[in-house]
$ cat data00.tsv   # TSV, C-alpha atoms
chain	number	residue	atom	x	y	z
T	100	MET	CA	-2.92	-12.30	-18.83
T	101	PRO	CA	-3.67	-10.05	-15.82
T	102	VAL	CA	-4.53	-11.83	-12.58
T	103	ASN	CA	-5.61	-10.91	-9.07
T	104	ILE	CA	-2.68	-11.71	-6.82
T	105	THR	CA	-3.60	-12.01	-3.15
T	106	VAL	CA	-0.62	-11.23	-0.96
T	107	TYR	CA	-0.54	-11.91	2.76
T	108	LEU	CA	2.10	-9.95	4.68
T	109	GLY	CA	2.88	-8.07	7.83
T	110	ALA	CA	1.32	-4.84	8.99
T	111	ASN	CA	4.68	-4.24	10.70
T	112	GLU	CA	7.85	-3.34	8.82
T	113	GLY	CA	10.07	-5.82	10.63
T	114	ASN	CA	13.69	-5.18	11.48
T	115	ASP	CA	15.23	-6.30	8.19
T	116	PRO	CA	15.48	-3.57	5.51
T	117	SER	CA	15.42	-6.25	2.80
T	118	PHE	CA	11.75	-6.89	3.61
T	119	GLN	CA	10.77	-3.36	2.56
T	120	GLU	CA	12.95	-3.53	-0.54
T	121	ALA	CA	11.46	-6.89	-1.55
T	122	ALA	CA	7.89	-5.69	-0.86
T	123	ARG	CA	8.54	-2.67	-3.07
T	124	ALA	CA	9.99	-4.88	-5.82
T	125	LEU	CA	7.06	-7.31	-5.64
T	126	GLY	CA	4.55	-4.46	-5.81
T	127	THR	CA	6.36	-2.85	-8.71
T	128	TRP	CA	6.37	-6.17	-10.54
T	129	ILE	CA	2.63	-6.72	-9.90
T	130	GLY	CA	1.67	-3.24	-11.09
T	131	SER	CA	4.01	-3.03	-14.07
T	132	HIS	CA	2.86	-6.43	-15.37
T	133	GLY	CA	-0.80	-5.40	-15.36
T	134	HIS	CA	-1.79	-7.56	-12.41
T	135	ASP	CA	-4.00	-6.39	-9.55
T	136	LEU	CA	-3.22	-6.69	-5.87
T	137	ILE	CA	-5.65	-8.07	-3.31
T	138	TYR	CA	-4.39	-7.48	0.23
T	139	GLY	CA	-5.48	-6.62	3.77
T	140	GLY	CA	-6.06	-2.91	3.12
T	141	SER	CA	-3.70	-1.41	5.70
T	142	LYS	CA	-1.43	1.58	5.18
T	143	SER	CA	1.01	0.41	7.84
T	144	GLY	CA	4.14	-1.69	7.64
T	145	LEU	CA	4.97	-3.94	4.73
T	146	MET	CA	1.32	-3.86	3.66
T	147	GLY	CA	1.53	-0.13	2.96
T	148	VAL	CA	4.86	-0.44	1.15
T	149	LEU	CA	3.46	-3.15	-1.13
T	150	ALA	CA	0.22	-1.33	-1.93
T	151	GLU	CA	1.96	1.96	-2.63
T	152	SER	CA	4.43	0.33	-5.02
T	153	VAL	CA	1.61	-1.37	-6.96
T	154	LEU	CA	-0.22	1.95	-7.31
T	155	LEU	CA	2.95	3.81	-8.36
T	156	SER	CA	3.48	1.17	-11.05
T	157	GLY	CA	0.02	1.62	-12.53
T	158	GLY	CA	-1.68	-1.34	-10.90
T	159	GLN	CA	-5.03	-1.60	-9.19
T	160	VAL	CA	-5.20	-2.34	-5.46
T	161	THR	CA	-8.15	-3.85	-3.62
T	162	GLY	CA	-7.96	-3.79	0.16
T	163	VAL	CA	-10.14	-6.08	2.25
T	164	GLU	CA	-10.33	-4.63	5.75
T	165	PRO	CA	-12.47	-5.64	8.74
T	166	ARG	CA	-14.59	-2.87	10.19
T	167	PHE	CA	-12.60	-2.69	13.46
T	168	PHE	CA	-9.40	-1.87	11.52
T	169	VAL	CA	-11.27	0.75	9.49
T	170	GLU	CA	-12.56	2.33	12.72
T	171	ALA	CA	-9.00	2.30	14.11
T	172	GLY	CA	-7.86	4.37	11.10
T	173	LEU	CA	-5.56	1.76	9.58
T	174	VAL	CA	-6.99	1.91	6.02
T	175	TYR	CA	-4.81	3.03	3.14
T	176	ASP	CA	-7.08	5.74	1.70
T	177	ASP	CA	-5.37	5.91	-1.72
T	178	ILE	CA	-6.09	2.33	-2.81
T	179	THR	CA	-8.33	1.68	-5.79
T	180	ARG	CA	-11.07	-0.16	-3.93
T	181	LEU	CA	-11.85	-0.94	-0.31
T	182	ILE	CA	-14.08	-3.81	0.77
T	183	VAL	CA	-15.13	-3.59	4.42
T	184	THR	CA	-15.96	-6.86	6.18
T	185	GLU	CA	-17.55	-7.49	9.54
T	186	ASP	CA	-14.66	-9.57	10.90
T	187	MET	CA	-11.44	-11.43	10.07
T	188	THR	CA	-13.27	-14.59	9.01
T	189	GLU	CA	-15.25	-12.71	6.37
T	190	ARG	CA	-12.07	-10.89	5.31
T	191	LYS	CA	-10.22	-14.15	4.71
T	192	ALA	CA	-13.10	-15.59	2.71
T	193	LYS	CA	-13.35	-12.47	0.52
T	194	MET	CA	-9.59	-12.43	-0.15
T	195	ILE	CA	-9.75	-16.07	-1.21
T	196	GLU	CA	-12.78	-15.42	-3.41
T	197	LEU	CA	-11.02	-12.55	-5.20
T	198	GLY	CA	-7.62	-14.22	-5.65
T	199	ASP	CA	-6.28	-16.04	-8.69
T	200	ALA	CA	-2.91	-16.67	-7.03
T	201	PHE	CA	-1.72	-16.46	-3.43
T	202	ILE	CA	1.61	-15.33	-2.04
T	203	ALA	CA	2.74	-15.32	1.58
T	204	PHE	CA	5.37	-12.63	2.05
T	205	PRO	CA	7.22	-12.56	5.39
T	206	GLY	CA	4.74	-11.67	8.12
T	207	GLY	CA	3.49	-12.65	11.55
T	208	THR	CA	0.91	-15.03	12.91
T	209	GLY	CA	-1.90	-13.48	10.85
T	210	THR	CA	0.05	-14.10	7.64
T	211	LEU	CA	0.72	-17.66	8.74
T	212	GLU	CA	-2.94	-18.27	9.53
T	213	GLU	CA	-4.05	-16.92	6.16
T	214	ILE	CA	-1.56	-18.87	4.05
T	215	ALA	CA	-2.19	-22.05	6.09
T	216	GLU	CA	-5.81	-21.93	4.97
T	217	ILE	CA	-4.69	-21.60	1.34
T	218	MET	CA	-2.20	-24.44	1.77
T	219	SER	CA	-4.96	-26.67	3.14
T	220	LYS	CA	-7.42	-25.77	0.36
T	221	VAL	CA	-4.76	-26.41	-2.29
T	222	ALA	CA	-3.76	-29.73	-0.70
T	223	LEU	CA	-7.42	-30.82	-0.62
T	224	GLU	CA	-7.89	-29.62	-4.21
T	225	HIS	CA	-10.56	-27.12	-3.13
T	226	LEU	CA	-8.47	-24.46	-4.86
T	227	ASP	CA	-6.58	-24.94	-8.10
T	228	THR	CA	-4.30	-21.95	-7.89
T	229	PRO	CA	-0.68	-21.14	-7.11
T	230	CYS	CA	0.19	-21.06	-3.40
T	231	ILE	CA	3.62	-19.46	-3.01
T	232	LEU	CA	5.60	-18.83	0.15
T	233	TYR	CA	8.17	-16.11	-0.51
T	234	ASN	CA	11.15	-17.62	1.30
T	235	LEU	CA	13.03	-14.32	1.35
T	236	ASP	CA	16.40	-14.83	3.04
T	237	GLY	CA	15.17	-18.22	4.29
T	238	TYR	CA	12.19	-16.74	6.14
T	239	TYR	CA	9.99	-19.82	5.62
T	240	GLU	CA	12.70	-22.51	5.97
T	241	GLY	CA	11.21	-23.71	9.26
T	242	LEU	CA	7.80	-24.18	7.65
T	243	LYS	CA	9.37	-25.93	4.68
T	244	THR	CA	11.11	-28.32	7.07
T	245	LEU	CA	7.86	-28.93	8.94
T	246	LEU	CA	5.99	-29.78	5.72
T	247	GLU	CA	8.76	-32.24	4.77
T	248	HIS	CA	8.51	-33.75	8.27
T	249	MET	CA	4.76	-34.26	7.78
T	250	ILE	CA	5.51	-36.26	4.64
T	251	GLU	CA	8.23	-38.28	6.41
T	252	LYS	CA	5.76	-39.15	9.18
T	253	ASP	CA	3.12	-40.12	6.59
T	254	LEU	CA	0.74	-37.41	7.82
T	255	SER	CA	0.82	-35.69	4.45
T	256	SER	CA	2.07	-36.62	1.01
T	257	GLU	CA	4.08	-35.16	-1.82
T	258	ASP	CA	0.92	-35.21	-3.96
T	259	ARG	CA	-0.96	-33.15	-1.39
T	260	GLN	CA	1.86	-30.65	-1.13
T	261	GLU	CA	2.94	-30.39	-4.76
T	262	LYS	CA	1.14	-27.09	-5.36
T	263	ILE	CA	2.57	-25.52	-2.19
T	264	ARG	CA	5.64	-23.81	-3.57
T	265	PHE	CA	8.54	-21.98	-1.98
T	266	ALA	CA	10.26	-19.19	-3.91
T	267	ASP	CA	13.56	-17.63	-2.87
T	268	SER	CA	13.31	-14.68	-5.25
T	269	LEU	CA	10.91	-12.54	-7.24
T	270	GLY	CA	12.16	-14.29	-10.39
T	271	GLU	CA	11.09	-17.64	-8.96
T	272	ILE	CA	7.66	-16.22	-8.07
T	273	GLU	CA	7.26	-14.97	-11.63
T	274	ALA	CA	8.27	-18.38	-13.05
T	275	ILE	CA	5.80	-20.22	-10.79
T	276	LEU	CA	2.97	-17.87	-11.81
T	277	GLN	CA	3.80	-18.20	-15.50
T	278	GLU	CA	3.78	-22.00	-15.39
T	279	SER	CA	0.66	-22.17	-13.20
T	280	LEU	CA	-1.68	-19.64	-14.75

$ encode --input "data00.tsv" --output "C-alpha coordinates"
Amino acid sequence: MPVNITVYLGANEGNDPSFQEAARALGTWIGSHGHDLIYGGSKSGLMGVLAESVLLSGGQVTGVEPRFFVEAGLVYDDITRLIVTEDMTERKAKMIELGDAFIAFPGGTGTLEEIAEIMSKVALEHLDTPCILYNLDGYYEGLKTLLEHMIEKDLSSEDRQEKIRFADSLGEIEAILQESL
(Lines of atoms letter the chains of each structure in order from A and count residues from 1; the text may use other names and numbers.)
(Lines give C-alpha, C1' and ligand atoms only; values in the text may rest on other atoms or scores of the structure.)
Protein backbone atom coordinates (compact mmCIF):
# COMPACT_ATOMS: atom_id res chain seq x y z
CA MET A 1 0.00 0.00 0.00
CA PRO A 2 1.58 3.34 -1.00
CA VAL A 3 2.10 5.85 1.79
CA ASN A 4 3.32 9.41 2.19
CA ILE A 5 6.65 9.20 3.96
CA THR A 6 7.75 12.46 5.55
CA VAL A 7 11.52 12.60 5.85
CA TYR A 8 13.35 15.22 7.88
CA LEU A 9 17.02 15.66 6.96
CA GLY A 10 19.81 18.11 6.45
CA ALA A 11 20.03 20.78 3.80
CA ASN A 12 23.80 20.28 4.10
CA GLU A 13 25.62 17.23 2.78
CA GLY A 14 27.69 16.64 5.89
CA ASN A 15 31.23 15.34 5.86
CA ASP A 16 30.44 11.62 5.77
CA PRO A 17 29.97 10.16 2.26
CA SER A 18 27.79 7.40 3.72
CA PHE A 19 25.07 10.01 4.37
CA GLN A 20 24.69 10.72 0.65
CA GLU A 21 24.77 7.02 -0.21
CA ALA A 22 22.13 6.23 2.42
CA ALA A 23 19.93 9.17 1.34
CA ARG A 24 20.12 7.91 -2.25
CA ALA A 25 19.25 4.36 -1.13
CA LEU A 26 16.32 5.56 0.99
CA GLY A 27 14.98 7.67 -1.88
CA THR A 28 15.35 4.82 -4.34
CA TRP A 29 13.50 2.53 -1.95
CA ILE A 30 10.67 5.06 -1.44
CA GLY A 31 10.21 5.65 -5.17
CA SER A 32 10.59 2.05 -6.33
CA HIS A 33 8.07 0.82 -3.75
CA GLY A 34 5.40 3.25 -4.94
CA HIS A 35 5.56 5.51 -1.91
CA ASP A 36 5.58 9.31 -2.07
CA LEU A 37 8.07 11.59 -0.35
CA ILE A 38 7.08 14.60 1.72
CA TYR A 39 10.12 16.73 2.58
CA GLY A 40 11.32 20.30 3.04
CA GLY A 41 11.51 21.14 -0.68
CA SER A 42 15.17 22.12 -0.94
CA LYS A 43 17.54 21.20 -3.75
CA SER A 44 20.59 21.49 -1.51
CA GLY A 45 22.45 18.93 0.56
CA LEU A 46 20.98 15.62 1.61
CA MET A 47 17.50 16.96 0.90
CA GLY A 48 18.31 17.31 -2.80
CA VAL A 49 19.96 13.88 -2.97
CA LEU A 50 16.90 12.24 -1.41
CA ALA A 51 14.36 14.01 -3.61
CA GLU A 52 16.29 13.34 -6.80
CA SER A 53 16.59 9.62 -6.02
CA VAL A 54 12.83 9.34 -5.36
CA LEU A 55 12.08 11.03 -8.69
CA LEU A 56 14.58 8.87 -10.59
CA SER A 57 12.89 5.79 -9.12
CA GLY A 58 9.44 6.82 -10.32
CA GLY A 59 8.12 8.27 -7.09
CA GLN A 60 6.24 11.47 -6.43
CA VAL A 61 7.86 14.22 -4.36
CA THR A 62 6.03 16.95 -2.47
CA GLY A 63 8.19 19.75 -1.10
CA VAL A 64 6.91 22.02 1.65
CA GLU A 65 8.98 25.19 1.62
CA PRO A 66 8.54 28.46 3.52
CA ARG A 67 8.35 31.55 1.36
CA PHE A 68 11.72 32.94 2.55
CA PHE A 69 13.51 29.80 1.28
CA VAL A 70 11.64 30.04 -2.02
CA GLU A 71 12.71 33.68 -2.36
CA ALA A 72 16.31 32.65 -1.58
CA GLY A 73 16.22 30.24 -4.55
CA LEU A 74 16.57 27.03 -2.55
CA VAL A 75 13.59 25.19 -4.11
CA TYR A 76 14.14 22.00 -6.08
CA ASP A 77 12.29 22.96 -9.28
CA ASP A 78 11.91 19.39 -10.60
CA ILE A 79 9.79 18.02 -7.75
CA THR A 80 6.24 16.88 -8.41
CA ARG A 81 4.51 19.42 -6.19
CA LEU A 82 5.57 22.43 -4.17
CA ILE A 83 3.57 23.80 -1.25
CA VAL A 84 4.69 27.27 -0.17
CA THR A 85 4.06 28.22 3.46
CA GLU A 86 4.37 31.56 5.20
CA ASP A 87 6.85 30.34 7.82
CA MET A 88 8.51 27.33 9.44
CA THR A 89 5.62 26.74 11.85
CA GLU A 90 3.15 26.39 8.99
CA ARG A 91 5.65 24.21 7.12
CA LYS A 92 5.95 21.78 10.04
CA ALA A 93 2.18 21.56 10.43
CA LYS A 94 1.68 20.87 6.71
CA MET A 95 4.38 18.16 6.66
CA ILE A 96 2.71 16.47 9.63
CA GLU A 97 -0.72 16.74 8.00
CA LEU A 98 0.54 15.10 4.79
CA GLY A 99 2.60 12.32 6.39
CA ASP A 100 1.59 8.72 7.03
CA ALA A 101 5.01 7.85 8.46
CA PHE A 102 7.92 9.96 9.69
CA ILE A 103 11.64 9.37 9.39
CA ALA A 104 14.46 11.48 10.81
CA PHE A 105 17.55 11.02 8.67
CA PRO A 106 20.82 12.51 9.98
CA GLY A 107 20.49 16.28 10.02
CA GLY A 108 21.01 19.38 12.12
CA THR A 109 19.00 21.30 14.66
CA GLY A 110 16.07 21.78 12.26
CA THR A 111 15.79 18.02 11.77
CA LEU A 112 15.95 17.51 15.52
CA GLU A 113 13.24 20.11 16.13
CA GLU A 114 10.94 18.53 13.55
CA ILE A 115 11.32 14.94 14.73
CA ALA A 116 11.03 16.02 18.39
CA GLU A 117 7.54 17.32 17.62
CA ILE A 118 6.64 13.98 16.03
CA MET A 119 8.10 12.09 18.99
CA SER A 120 5.99 14.16 21.38
CA LYS A 121 2.79 13.71 19.35
CA VAL A 122 3.37 9.95 19.12
CA ALA A 123 4.11 9.70 22.85
CA LEU A 124 0.91 11.61 23.65
CA GLU A 125 -1.04 9.46 21.16
CA HIS A 126 -1.94 12.53 19.08
CA LEU A 127 -0.44 10.69 16.10
CA ASP A 128 -0.74 6.97 15.47
CA THR A 129 2.02 6.59 12.93
CA PRO A 130 5.57 5.28 12.71
CA CYS A 131 8.23 7.63 14.09
CA ILE A 132 11.64 6.35 12.98
CA LEU A 133 15.06 7.77 13.71
CA TYR A 134 17.53 6.49 11.12
CA ASN A 135 20.48 5.72 13.39
CA LEU A 136 22.91 5.54 10.48
CA ASP A 137 26.38 4.72 11.82
CA GLY A 138 25.13 5.49 15.33
CA TYR A 139 24.09 9.05 14.46
CA TYR A 140 21.21 9.12 16.96
CA GLU A 141 22.85 7.07 19.76
CA GLY A 142 23.05 10.15 22.00
CA LEU A 143 19.33 10.79 21.61
CA LYS A 144 18.57 7.12 22.22
CA THR A 145 20.58 7.30 25.45
CA LEU A 146 18.77 10.47 26.49
CA LEU A 147 15.34 8.87 25.95
CA GLU A 148 16.41 5.87 28.05
CA HIS A 149 17.64 8.28 30.74
CA MET A 150 14.22 9.98 30.78
CA ILE A 151 12.63 6.60 31.51
CA GLU A 152 15.22 5.82 34.22
CA LYS A 153 14.44 9.15 35.90
CA ASP A 154 10.69 8.46 35.64
CA LEU A 155 10.14 11.53 33.44
CA SER A 156 8.90 9.36 30.60
CA SER A 157 7.85 5.75 30.25
CA GLU A 158 8.39 2.79 27.97
CA ASP A 159 4.71 3.00 27.02
CA ARG A 160 5.09 6.62 25.94
CA GLN A 161 8.18 5.83 23.91
CA GLU A 162 7.22 2.49 22.39
CA LYS A 163 6.35 3.97 19.00
CA ILE A 164 9.58 5.97 18.82
CA ARG A 165 11.80 3.57 16.93
CA PHE A 166 15.47 3.58 16.02
CA ALA A 167 16.60 1.84 12.83
CA ASP A 168 20.23 1.12 12.01
CA SER A 169 19.58 0.23 8.36
CA LEU A 170 17.18 0.69 5.48
CA GLY A 171 16.06 -2.92 6.00
CA GLU A 172 15.04 -2.09 9.56
CA ILE A 173 13.12 0.97 8.36
CA GLU A 174 11.27 -1.18 5.84
CA ALA A 175 10.43 -3.76 8.53
CA ILE A 176 9.11 -1.08 10.92
CA LEU A 177 6.93 0.43 8.17
CA GLN A 178 5.58 -2.97 7.16
CA GLU A 179 4.59 -3.89 10.71
CA SER A 180 3.17 -0.44 11.47
CA LEU A 181 1.15 0.43 8.40

$ closest_residue --input "data00.tsv" --among "T:Ala203, T:Glu216, T:Thr161, T:Asp258" --to "T:Thr188" --atoms "all atoms listed in the file"
T:Glu216

$ residues_around --input "data00.tsv" --residues "T:Thr105" --least-positions-apart "4" --cutoff "9 Å" --atoms "only C-alpha atoms" --output "list in words"
Asp135, Leu136, Ile137, Tyr138, Gly139, Met194, Ile195, Leu197, Gly198, Asp199, Ala200, Phe201, Ile202 and Ala203 of chain T

$ closest_residue --input "data00.tsv" --among "T:Asp177, T:Asp267, T:Glu278, T:Glu213" --to "T:Ala121" --atoms "all atoms listed in the file"
T:Asp267

$ residues_around --input "data00.tsv" --residues "T:Glu261" --least-positions-apart "4" --cutoff "10 Å" --atoms "all atoms listed in the file" --output "VMD selection string"
chain T and resid 221 to 222 230 256 to 257

$ closest_residue --input "data00.tsv" --among "T:Leu254, T:Leu145, T:Val160, T:Ala124" --to "T:Glu112" --atoms "only C-alpha atoms"
T:Leu145

$ closest_residue --input "data00.tsv" --among "T:Leu280, T:Leu211, T:Ala266, T:Met249" --to "T:Asp227" --atoms "all atoms listed in the file"
T:Leu280

$ closest_residue --input "data00.tsv" --among "T:Gly130, T:Lys191, T:Glu196, T:Thr184" --to "T:Ile214" --atoms "all atoms listed in the file"
T:Lys191

$ atom_distance --input "data00.tsv" --atom1 "atom CA of T:Val174" --atom2 "atom CA of T:Asn114"
22.5 Å

$ residues_around --input "data00.tsv" --residues "T:Met100" --least-positions-apart "4" --cutoff "12 Å" --atoms "only C-alpha atoms" --output "ChimeraX atom specification"
/T:129,132-135,199,276-277,279-280

$ atom_distance --input "data00.tsv" --atom1 "atom CA of T:Gly237" --atom2 "atom CA of T:Arg190"
28.2 Å

$ closest_residue --input "data00.tsv" --among "T:Leu245, T:Gly144, T:Asp236, T:Leu269" --to "T:Thr127" --atoms "all atoms listed in the file"
T:Leu269

$ atom_distance --input "data00.tsv" --atom1 "atom CA of T:Ala150" --atom2 "atom CA of T:Gln260"
29.4 Å

$ axis_aligned_box --input "data00.tsv" --around "stretch 215-221 of chain T" --padding-each-side "5 Å" --output "lines of an AutoDock Vina configuration file"
center_x = -4.8
center_y = -24.1
center_z = 1.9
size_x = 15.2
size_y = 15.1
size_z = 18.4

$ residues_near_point --input "data00.tsv" --point "(0.6, 3.4, -13.3)" --cutoff "10 Å" --atoms "only C-alpha atoms" --output "list in words"
Thr127, Gly130, Ser131, Gly133, Ser152, Val153, Leu154, Leu155, Ser156, Gly157, Gly158 and Gln159 of chain T

$ residues_around --input "data00.tsv" --residues "T:Ala122" --least-positions-apart "6" --cutoff "8 Å" --atoms "all atoms listed in the file" --output "JSON, numbers by chain"
{"T": [145, 148, 149, 204]}
